[in-house]
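The structure appears below as structure tokens.
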Amino acid sequence: MSYNENHYKMDEKGFKNQAEAERAAANGHLVETSNGYWDKQTGKEYWKDGTEK
């Protein structure tokens with residue numbers, strides 16, 4: 001289980017909401033990209049709304 005899964009509200013689709021993804025990015029746990037976010041620990045990518053690509 002990744003750090004983000006243990007520390008942020010997530011479900012099978014990704015982050016529960018955009019606010020959680022933004023909070024993870026603000027805390028340095030996601031890298032903001034031009035069209036979403038990237039989790040450098042797992043390599044997963046997420047859309048701006050927090051859902052997994």
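Naming works like this for the structure tokens: A, B, ... for the chains as they're shown, residue 1 at the start of each chain, ligands 1 onward in shown order.
DSSP, applied to the backbone of this structure, assigns helix (DSSP H, G or I) to the following residues of chain A: Tyr3, Asn4, Glu5, Asn6, His7, Gln18, Ala19, Glu20, Ala21, Glu22, Arg23, Ala24, Ala25 and Ala26 of chain A.
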Under the rule that only C-alpha atoms are counted, which of A:Glu45, A:Glu52, A:Glu5, A:Glu12 is the nearest residue to A:Val31?
A:Glu45
Contacts of A:Lys40 within 12 Å, only C-alpha atoms, excl. fewer than 5 positions in-chain, as a PyMOL selection string
chain A and resi 2-4+24-25+28-33+45-46
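Residues within 9 Å of A:Asn17, counting only C-alpha atoms and excluding same-chain residues fewer than 4 positions away, are Lys9, Met10, Ala21, Glu22, Asp49, Gly50 and Thr51 of chain A.
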With N, CA and C atoms retained, export the selected residues as a PDB file, in the first residue's frame.
```pdb
ATOM      1  N   LYS A   9      -7.787  10.332   1.657  1.00  0.00           N
ATOM      2  CA  LYS A   9      -9.042   9.644   1.361  1.00  0.00           C
ATOM      3  C   LYS A   9      -9.031   9.206  -0.095  1.00  0.00           C
ATOM      4  N   MET A  10      -8.983   7.890  -0.304  1.00  0.00           N
ATOM      5  CA  MET A  10      -8.931   7.326  -1.653  1.00  0.00           C
ATOM      6  C   MET A  10      -9.921   6.174  -1.750  1.00  0.00           C
ATOM      7  N   ALA A  21      -6.690  15.403  -3.721  1.00  0.00           N
ATOM      8  CA  ALA A  21      -5.550  15.392  -4.645  1.00  0.00           C
ATOM      9  C   ALA A  21      -4.750  16.689  -4.517  1.00  0.00           C
ATOM     10  N   GLU A  22      -5.446  17.809  -4.414  1.00  0.00           N
ATOM     11  CA  GLU A  22      -4.768  19.088  -4.249  1.00  0.00           C
ATOM     12  C   GLU A  22      -4.002  19.140  -2.927  1.00  0.00           C
ATOM     13  N   ASP A  49      -9.058  16.092 -11.257  1.00  0.00           N
ATOM     14  CA  ASP A  49     -10.138  15.840 -10.293  1.00  0.00           C
ATOM     15  C   ASP A  49      -9.794  14.737  -9.308  1.00  0.00           C
ATOM     16  N   GLY A  50      -8.616  14.123  -9.447  1.00  0.00           N
ATOM     17  CA  GLY A  50      -8.167  13.107  -8.512  1.00  0.00           C
ATOM     18  C   GLY A  50      -8.381  11.674  -8.950  1.00  0.00           C
ATOM     19  N   THR A  51      -9.118  11.448 -10.054  1.00  0.00           N
ATOM     20  CA  THR A  51      -9.333  10.096 -10.512  1.00  0.00           C
ATOM     21  C   THR A  51      -8.097   9.588 -11.238  1.00  0.00           C
TER      22      THR A  51
END
```
Just how far from atom CA of A:Glu20 is atom CA of A:Tyr37, in Å to one decimal?
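Atom-to-atom, atom CA of A:Tyr37 to atom CA of A:Glu20, that is 11.7 Å.
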